[in-house]
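> Below is the file final_19.cif, which contains mmCIF, N, CA and C atoms.
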data_target
#
loop_
_atom_site.label_atom_id
_atom_site.label_comp_id
_atom_site.auth_asym_id
_atom_site.auth_seq_id
_atom_site.Cartn_x
_atom_site.Cartn_y
_atom_site.Cartn_z
N MET A 1 30.37 59.25 -17.00
CA MET A 1 30.86 57.91 -17.20
C MET A 1 30.00 56.97 -16.36
N ASN A 2 29.87 55.73 -16.79
CA ASN A 2 29.05 54.81 -16.01
C ASN A 2 29.86 54.30 -14.81
N ASN A 3 29.16 53.65 -13.89
CA ASN A 3 29.81 53.19 -12.66
C ASN A 3 30.92 52.19 -12.93
N LYS A 4 30.69 51.29 -13.86
CA LYS A 4 31.70 50.28 -14.16
C LYS A 4 32.99 50.95 -14.66
N ALA A 5 32.87 51.87 -15.59
CA ALA A 5 34.05 52.57 -16.11
C ALA A 5 34.75 53.35 -15.01
N PHE A 6 33.97 54.02 -14.15
CA PHE A 6 34.55 54.79 -13.06
C PHE A 6 35.34 53.87 -12.12
N LEU A 7 34.75 52.75 -11.74
CA LEU A 7 35.41 51.84 -10.80
C LEU A 7 36.65 51.19 -11.42
N ILE A 8 36.62 50.93 -12.71
CA ILE A 8 37.81 50.39 -13.38
C ILE A 8 38.92 51.45 -13.39
N LEU A 9 38.57 52.68 -13.73
CA LEU A 9 39.55 53.77 -13.72
C LEU A 9 40.12 53.98 -12.32
N HIS A 10 39.25 54.08 -11.34
CA HIS A 10 39.67 54.31 -9.95
C HIS A 10 40.56 53.17 -9.47
N GLY A 11 40.12 51.94 -9.71
CA GLY A 11 40.91 50.79 -9.28
C GLY A 11 42.24 50.70 -10.00
N GLY A 12 42.25 51.01 -11.29
CA GLY A 12 43.50 50.97 -12.05
C GLY A 12 44.51 51.97 -11.54
N ILE A 13 44.04 53.16 -11.20
CA ILE A 13 44.94 54.20 -10.66
C ILE A 13 45.56 53.73 -9.35
N TYR A 14 44.73 53.20 -8.45
CA TYR A 14 45.25 52.75 -7.16
C TYR A 14 46.19 51.56 -7.32
N PHE A 15 45.86 50.62 -8.21
CA PHE A 15 46.76 49.50 -8.45
C PHE A 15 48.10 49.96 -9.00
N ALA A 16 48.08 50.92 -9.91
CA ALA A 16 49.32 51.43 -10.48
C ALA A 16 50.21 52.02 -9.39
N PHE A 17 49.62 52.83 -8.51
CA PHE A 17 50.42 53.41 -7.42
C PHE A 17 50.90 52.35 -6.45
N ALA A 18 50.09 51.33 -6.21
CA ALA A 18 50.52 50.24 -5.33
C ALA A 18 51.76 49.55 -5.89
N LEU A 19 51.74 49.26 -7.16
CA LEU A 19 52.89 48.61 -7.79
C LEU A 19 54.12 49.50 -7.81
N ILE A 20 53.92 50.76 -8.13
CA ILE A 20 55.04 51.70 -8.16
C ILE A 20 55.68 51.84 -6.78
N LEU A 21 54.86 52.01 -5.75
CA LEU A 21 55.42 52.20 -4.41
C LEU A 21 55.99 50.90 -3.83
N PHE A 22 55.55 49.77 -4.35
CA PHE A 22 56.13 48.51 -3.90
C PHE A 22 57.48 48.26 -4.56
N PHE A 23 57.55 48.46 -5.88
CA PHE A 23 58.75 48.09 -6.61
C PHE A 23 59.77 49.22 -6.79
N LEU A 24 59.33 50.48 -6.73
CA LEU A 24 60.24 51.59 -7.01
C LEU A 24 60.25 52.68 -5.94
N PRO A 25 60.20 52.33 -4.68
CA PRO A 25 60.13 53.40 -3.67
C PRO A 25 61.34 54.32 -3.64
N THR A 26 62.53 53.79 -3.90
CA THR A 26 63.72 54.65 -3.85
C THR A 26 63.79 55.61 -5.02
N GLN A 27 63.06 55.34 -6.08
CA GLN A 27 63.01 56.25 -7.22
C GLN A 27 61.88 57.26 -7.08
N VAL A 28 60.77 56.85 -6.49
CA VAL A 28 59.57 57.69 -6.46
C VAL A 28 59.59 58.68 -5.29
N TRP A 29 59.84 58.21 -4.07
CA TRP A 29 59.69 59.07 -2.90
C TRP A 29 60.58 60.30 -2.91
N PRO A 30 61.83 60.24 -3.39
CA PRO A 30 62.64 61.46 -3.42
C PRO A 30 62.02 62.59 -4.25
N MET A 31 61.20 62.27 -5.25
CA MET A 31 60.53 63.32 -6.01
C MET A 31 59.56 64.10 -5.13
N TYR A 32 59.12 63.47 -4.05
CA TYR A 32 58.20 64.09 -3.10
C TYR A 32 58.94 64.73 -1.93
N GLY A 33 60.25 64.60 -1.91
CA GLY A 33 61.04 65.15 -0.82
C GLY A 33 61.19 64.19 0.35
N VAL A 34 60.85 62.95 0.15
CA VAL A 34 60.92 61.94 1.22
C VAL A 34 62.07 61.00 0.91
N GLU A 35 62.92 60.79 1.90
CA GLU A 35 64.07 59.91 1.73
C GLU A 35 63.72 58.48 2.12
N ILE A 36 64.19 57.55 1.32
CA ILE A 36 64.14 56.13 1.69
C ILE A 36 65.58 55.78 2.05
N ASN A 37 65.90 55.92 3.33
CA ASN A 37 67.29 55.81 3.74
C ASN A 37 67.62 54.56 4.55
N ASP A 38 66.65 53.68 4.72
CA ASP A 38 66.95 52.42 5.39
C ASP A 38 65.89 51.38 5.03
N LYS A 39 66.12 50.17 5.50
CA LYS A 39 65.20 49.07 5.15
C LYS A 39 63.81 49.27 5.75
N TYR A 40 63.71 50.04 6.82
CA TYR A 40 62.41 50.25 7.46
C TYR A 40 61.54 51.21 6.64
N ALA A 41 62.14 52.27 6.14
CA ALA A 41 61.41 53.20 5.28
C ALA A 41 61.02 52.51 3.97
N TYR A 42 61.93 51.69 3.46
CA TYR A 42 61.65 50.93 2.24
C TYR A 42 60.43 50.03 2.47
N PHE A 43 60.42 49.33 3.59
CA PHE A 43 59.30 48.44 3.92
C PHE A 43 58.00 49.23 4.11
N LEU A 44 58.07 50.39 4.76
CA LEU A 44 56.85 51.17 4.96
C LEU A 44 56.22 51.57 3.63
N SER A 45 57.04 51.86 2.65
CA SER A 45 56.50 52.15 1.32
C SER A 45 55.80 50.92 0.76
N GLN A 46 56.46 49.77 0.91
CA GLN A 46 55.84 48.54 0.43
C GLN A 46 54.57 48.22 1.23
N HIS A 47 54.59 48.50 2.51
CA HIS A 47 53.43 48.27 3.37
C HIS A 47 52.25 49.13 2.93
N THR A 48 52.52 50.37 2.52
CA THR A 48 51.49 51.25 2.02
C THR A 48 50.81 50.65 0.79
N SER A 49 51.56 49.87 0.04
CA SER A 49 51.01 49.22 -1.15
C SER A 49 49.87 48.27 -0.82
N ILE A 50 49.86 47.74 0.38
CA ILE A 50 48.76 46.86 0.81
C ILE A 50 47.44 47.62 0.68
N PHE A 51 47.42 48.81 1.20
CA PHE A 51 46.18 49.59 1.24
C PHE A 51 45.81 50.16 -0.12
N LEU A 52 46.82 50.61 -0.86
CA LEU A 52 46.55 51.11 -2.20
C LEU A 52 46.05 49.97 -3.10
N GLY A 53 46.70 48.83 -3.01
CA GLY A 53 46.26 47.67 -3.78
C GLY A 53 44.88 47.19 -3.34
N GLY A 54 44.61 47.27 -2.04
CA GLY A 54 43.29 46.89 -1.52
C GLY A 54 42.19 47.79 -2.05
N LEU A 55 42.45 49.09 -2.09
CA LEU A 55 41.47 50.02 -2.66
C LEU A 55 41.26 49.75 -4.15
N GLY A 56 42.35 49.43 -4.83
CA GLY A 56 42.24 49.06 -6.24
C GLY A 56 41.39 47.82 -6.41
N ALA A 57 41.62 46.82 -5.56
CA ALA A 57 40.86 45.57 -5.64
C ALA A 57 39.38 45.81 -5.35
N VAL A 58 39.08 46.58 -4.33
CA VAL A 58 37.68 46.87 -4.00
C VAL A 58 36.99 47.53 -5.19
N SER A 59 37.65 48.53 -5.76
CA SER A 59 37.06 49.21 -6.92
C SER A 59 36.82 48.24 -8.07
N LEU A 60 37.83 47.44 -8.38
CA LEU A 60 37.71 46.54 -9.52
C LEU A 60 36.72 45.40 -9.26
N PHE A 61 36.72 44.85 -8.06
CA PHE A 61 35.82 43.74 -7.77
C PHE A 61 34.35 44.18 -7.69
N PHE A 62 34.11 45.44 -7.39
CA PHE A 62 32.75 45.96 -7.30
C PHE A 62 32.26 46.58 -8.61
N ARG A 63 33.06 46.51 -9.65
CA ARG A 63 32.70 47.19 -10.90
C ARG A 63 31.41 46.67 -11.54
N ASN A 64 31.03 45.44 -11.27
CA ASN A 64 29.83 44.86 -11.90
C ASN A 64 28.61 44.86 -10.99
N ILE A 65 28.70 45.49 -9.84
CA ILE A 65 27.57 45.54 -8.90
C ILE A 65 26.43 46.34 -9.52
N LYS A 66 25.24 45.79 -9.45
CA LYS A 66 24.05 46.45 -10.01
C LYS A 66 23.13 47.02 -8.94
N ASP A 67 23.27 46.56 -7.72
CA ASP A 67 22.42 47.04 -6.63
C ASP A 67 22.74 48.51 -6.35
N VAL A 68 21.73 49.36 -6.50
CA VAL A 68 21.92 50.80 -6.37
C VAL A 68 22.48 51.18 -5.00
N GLU A 69 21.95 50.60 -3.95
CA GLU A 69 22.42 50.95 -2.60
C GLU A 69 23.87 50.52 -2.39
N ALA A 70 24.24 49.35 -2.89
CA ALA A 70 25.63 48.90 -2.77
C ALA A 70 26.57 49.84 -3.52
N VAL A 71 26.18 50.25 -4.71
CA VAL A 71 27.01 51.17 -5.50
C VAL A 71 27.17 52.49 -4.75
N LYS A 72 26.08 53.00 -4.20
CA LYS A 72 26.15 54.27 -3.45
C LYS A 72 27.13 54.15 -2.28
N GLN A 73 27.06 53.03 -1.57
CA GLN A 73 27.92 52.87 -0.40
C GLN A 73 29.39 52.75 -0.78
N ILE A 74 29.69 52.04 -1.85
CA ILE A 74 31.09 51.93 -2.28
C ILE A 74 31.60 53.28 -2.76
N LEU A 75 30.75 54.03 -3.45
CA LEU A 75 31.17 55.37 -3.89
C LEU A 75 31.38 56.31 -2.71
N LYS A 76 30.54 56.19 -1.68
CA LYS A 76 30.75 57.00 -0.47
C LYS A 76 32.07 56.64 0.19
N ALA A 77 32.39 55.36 0.25
CA ALA A 77 33.65 54.92 0.87
C ALA A 77 34.85 55.44 0.08
N LEU A 78 34.77 55.40 -1.24
CA LEU A 78 35.86 55.91 -2.06
C LEU A 78 35.98 57.42 -1.92
N LEU A 79 34.85 58.11 -1.85
CA LEU A 79 34.85 59.56 -1.64
C LEU A 79 35.54 59.89 -0.31
N PHE A 80 35.18 59.19 0.73
CA PHE A 80 35.77 59.41 2.06
C PHE A 80 37.28 59.13 2.03
N THR A 81 37.67 58.04 1.39
CA THR A 81 39.09 57.70 1.29
C THR A 81 39.88 58.78 0.59
N ASN A 82 39.33 59.28 -0.51
CA ASN A 82 40.03 60.32 -1.25
C ASN A 82 40.06 61.64 -0.49
N LEU A 83 39.02 61.93 0.28
CA LEU A 83 39.04 63.13 1.15
C LEU A 83 40.15 63.02 2.19
N LEU A 84 40.30 61.83 2.76
CA LEU A 84 41.41 61.62 3.70
C LEU A 84 42.75 61.85 3.01
N GLY A 85 42.83 61.42 1.76
CA GLY A 85 44.05 61.65 0.99
C GLY A 85 44.37 63.12 0.85
N ILE A 86 43.34 63.93 0.60
CA ILE A 86 43.55 65.39 0.51
C ILE A 86 44.10 65.92 1.83
N ILE A 87 43.46 65.55 2.92
CA ILE A 87 43.84 66.07 4.24
C ILE A 87 45.27 65.66 4.61
N ILE A 88 45.57 64.39 4.47
CA ILE A 88 46.88 63.89 4.91
C ILE A 88 48.00 64.40 4.02
N THR A 89 47.80 64.40 2.70
CA THR A 89 48.87 64.86 1.83
C THR A 89 49.02 66.38 1.87
N SER A 90 47.93 67.10 2.11
CA SER A 90 48.05 68.56 2.30
C SER A 90 48.84 68.85 3.56
N TYR A 91 48.58 68.11 4.62
CA TYR A 91 49.34 68.25 5.87
C TYR A 91 50.84 68.03 5.59
N ALA A 92 51.15 66.99 4.80
CA ALA A 92 52.55 66.71 4.48
C ALA A 92 53.18 67.87 3.71
N GLY A 93 52.42 68.50 2.83
CA GLY A 93 52.93 69.64 2.08
C GLY A 93 53.10 70.88 2.95
N ILE A 94 52.12 71.15 3.79
CA ILE A 94 52.14 72.34 4.65
C ILE A 94 53.27 72.26 5.67
N THR A 95 53.51 71.07 6.21
CA THR A 95 54.55 70.93 7.23
C THR A 95 55.94 70.72 6.66
N GLY A 96 56.05 70.64 5.32
CA GLY A 96 57.36 70.52 4.70
C GLY A 96 57.85 69.09 4.53
N ILE A 97 57.01 68.11 4.82
CA ILE A 97 57.40 66.72 4.59
C ILE A 97 57.45 66.45 3.08
N PHE A 98 56.39 66.84 2.40
CA PHE A 98 56.35 66.74 0.94
C PHE A 98 56.80 68.06 0.35
N VAL A 99 57.76 68.01 -0.53
CA VAL A 99 58.19 69.19 -1.27
C VAL A 99 58.26 68.81 -2.76
N GLY A 100 58.52 69.77 -3.59
CA GLY A 100 58.64 69.47 -5.02
C GLY A 100 57.38 68.84 -5.58
N PHE A 101 57.54 67.65 -6.13
CA PHE A 101 56.45 66.92 -6.75
C PHE A 101 55.38 66.51 -5.72
N GLY A 102 55.70 66.60 -4.46
CA GLY A 102 54.77 66.21 -3.39
C GLY A 102 53.45 66.95 -3.42
N TRP A 103 53.46 68.16 -3.97
CA TRP A 103 52.20 68.91 -4.03
C TRP A 103 51.25 68.35 -5.08
N SER A 104 51.74 67.43 -5.88
CA SER A 104 50.83 66.79 -6.84
C SER A 104 49.87 65.84 -6.13
N ASP A 105 50.24 65.33 -4.97
CA ASP A 105 49.37 64.40 -4.25
C ASP A 105 48.05 65.03 -3.81
N PRO A 106 48.06 66.19 -3.15
CA PRO A 106 46.75 66.79 -2.82
C PRO A 106 45.93 67.07 -4.08
N ALA A 107 46.59 67.48 -5.15
CA ALA A 107 45.86 67.72 -6.40
C ALA A 107 45.28 66.42 -6.94
N PHE A 108 46.06 65.36 -6.90
CA PHE A 108 45.61 64.03 -7.34
C PHE A 108 44.39 63.58 -6.54
N PHE A 109 44.48 63.68 -5.22
CA PHE A 109 43.36 63.26 -4.38
C PHE A 109 42.15 64.17 -4.56
N THR A 110 42.38 65.44 -4.84
CA THR A 110 41.27 66.35 -5.11
C THR A 110 40.53 65.93 -6.37
N VAL A 111 41.28 65.58 -7.41
CA VAL A 111 40.65 65.13 -8.65
C VAL A 111 39.83 63.86 -8.39
N LEU A 112 40.42 62.89 -7.68
CA LEU A 112 39.68 61.66 -7.38
C LEU A 112 38.47 61.92 -6.49
N THR A 113 38.58 62.87 -5.59
CA THR A 113 37.44 63.22 -4.74
C THR A 113 36.32 63.82 -5.57
N VAL A 114 36.66 64.74 -6.44
CA VAL A 114 35.64 65.36 -7.29
C VAL A 114 35.00 64.31 -8.19
N LEU A 115 35.81 63.46 -8.80
CA LEU A 115 35.25 62.40 -9.65
C LEU A 115 34.35 61.46 -8.86
N SER A 116 34.77 61.11 -7.65
CA SER A 116 33.95 60.23 -6.80
C SER A 116 32.63 60.92 -6.43
N TYR A 117 32.71 62.19 -6.10
CA TYR A 117 31.50 62.94 -5.75
C TYR A 117 30.54 63.03 -6.94
N LEU A 118 31.08 63.35 -8.10
CA LEU A 118 30.23 63.46 -9.29
C LEU A 118 29.60 62.11 -9.64
N GLN A 119 30.37 61.03 -9.47
CA GLN A 119 29.83 59.71 -9.76
C GLN A 119 28.73 59.35 -8.76
N LEU A 120 28.93 59.68 -7.49
CA LEU A 120 27.91 59.43 -6.48
C LEU A 120 26.66 60.25 -6.76
N LYS A 121 26.84 61.52 -7.11
CA LYS A 121 25.72 62.38 -7.43
C LYS A 121 24.94 61.83 -8.63
N LYS A 122 25.67 61.39 -9.62
CA LYS A 122 25.03 60.81 -10.82
C LYS A 122 24.28 59.54 -10.45
N CYS A 123 24.87 58.73 -9.61
CA CYS A 123 24.26 57.47 -9.19
C CYS A 123 22.97 57.72 -8.43
N LYS A 124 22.94 58.76 -7.62
CA LYS A 124 21.74 59.08 -6.84
C LYS A 124 20.62 59.60 -7.73
N SER A 125 20.96 60.16 -8.89
CA SER A 125 19.95 60.77 -9.73
C SER A 125 19.44 59.86 -10.85
N GLN A 126 19.97 58.64 -10.92
CA GLN A 126 19.51 57.75 -11.99
C GLN A 126 19.35 56.34 -11.48
N ILE A 127 18.64 55.55 -12.21
CA ILE A 127 18.48 54.14 -11.92
C ILE A 127 19.57 53.42 -12.70
N LEU A 128 20.22 52.47 -12.06
CA LEU A 128 21.31 51.74 -12.73
C LEU A 128 20.78 50.84 -13.80
#
Please lay out the structure from this file as structure tokens.

Amino acid sequence: MNNKAFLILHGGIYFAFALILFFLPTQVWPMYGVEINDKYAYFLSQHTSIFLGGLGAVSLFFRNIKDVEAVKQILKALLFTNLLGIIITSYAGITGIFVGFGWSDPAFFTVLTVLSYLQLKKCKSQIL
């Protein structure tokens, strides 16, 4: 896939999760084994949406970048972010914080990491 399509897909996924965790935290988090039992936990879910929405915005706003070095750097940043997602969500699964559907998160971040890596590899091997 070309860089523009990849960044639109990546940004769309992050925006979707930002909206879901902002508007539906009490419906979503219990599927992961996490309780939203007070206004502080509810807010923390909404607060997380800042970063998810920000990653979505970065991906979408950079979709038309033609400078090869800039594209490589944004792809490296997204790769790193998704790797962190694997580490943190795997930790949540291993320690029992995430149960049930929670194991989908490490799988989700693994898919995004692989896609980011493949896109970076493709970008390094061709001229935009």
> Between CA of Phe80 in chain A and CA of Leu55 in chain A, what is the distance, to one decimal in Å?
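For CA of Phe80 in chain A relative to CA of Leu55 in chain A, the distance reads 12.0 Å.
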> To verify the selection step, state as number ranges by chain which residues the PyMOL selection byres ((chain A and resi 112) around 8) yields on this input.
A: 10, 78-79, 81-83, 106-111, 113-118
> Expressed in Å to a single decimal, how great is the separation between CA of Ala92 in chain A and CA of Asp105 in chain A?
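So the answer is 9.6 Å.
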> Applied to this file, what does the PyMOL selection byres ((chain A and resi 3) around 8) return in terms of residues, put as a PyMOL selection string?
chain A and resi 1-2+4-9+62-65+71+119+123
> Using all atoms listed in the file, which of A:Leu19, A:Ala70, A:Val34, A:Ala77 sits nearest Ile50 in chain A?
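The shortest atom-to-atom distance to Ile50 in chain A comes from A:Leu19.
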> Rounded to one decimal, what separation in Å do you get between atom C of Leu60 in chain A and atom N of Phe23 in chain A?
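Atom N of Phe23 in chain A lies at a distance of 21.3 Å from atom C of Leu60 in chain A.
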> Give the answer as one residue: which of A:Tyr91, A:Ile74, A:Ile36, A:Gln27 has the shortest atom-to-atom distance to Phe61 in chain A, using only C-alpha atoms?
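Of all the options, A:Ile74 lies closest to Phe61 in chain A.
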> What's around Ala16 in chain A at 8 Å? Count all atoms listed in the file, leave out sequence neighbours fewer than 5 positions away in its own chain, and write the answer as a list in words.
His10, Gly11, Leu21, Phe22, Leu52, Gly53 and Gly56 of chain A
> In terms of the shortest atom-to-atom distance over only C-alpha atoms, which of A:Ala18, A:Lys122, A:Ser59, A:Gly85 is closest to Ser45 in chain A?
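Ranked by minimum distance to Ser45 in chain A, first place goes to A:Ala18.
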> Considering only alpha helix (DSSP H) as DSSP defines it on the backbone, what residues of range 9-115 of chain A qualify? List them as a PyMOL selection string.
chain A and resi 9-23+25-28+39-61+68-94+104-115
> The PyMOL selection byres (((chain A and resi 29 and name CA) around 12) and name CA) on the file shown: which residues, as a PyMOL selection string?
chain A and resi 17+20-28+30-37+41-42+44-46+97-102+105
> Taking every listed atom of range 49-61 of chain A and adding 4 Å to each side, what centre and edge lengths in Å (one decimal) does the axis-aligned box have, as lines of an AutoDock Vina configuration file?

center_x = 43.0
center_y = 47.4
center_z = -4.1
size_x = 25.2
size_y = 15.4
size_z = 18.8
> I want to know what sits within 6.5 Å of Leu120 in chain A, based on only N, CA and C atoms, with residues of the same chain fewer than 6 positions away left out; could you give that as a short mmCIF file (atom, residue, chain, number, x, y, z; two decimals) with N, CA and C atoms, keeping the file's coordinate frame?

data_model
loop_
_atom_site.label_atom_id
_atom_site.label_comp_id
_atom_site.auth_asym_id
_atom_site.auth_seq_id
_atom_site.Cartn_x
_atom_site.Cartn_y
_atom_site.Cartn_z
N LYS A 72 26.08 53.00 -4.20
CA LYS A 72 26.15 54.27 -3.45
C LYS A 72 27.13 54.15 -2.28
N LEU A 75 30.75 54.03 -3.45
CA LEU A 75 31.17 55.37 -3.89
C LEU A 75 31.38 56.31 -2.71
N LYS A 76 30.54 56.19 -1.68
CA LYS A 76 30.75 57.00 -0.47
C LYS A 76 32.07 56.64 0.19
#
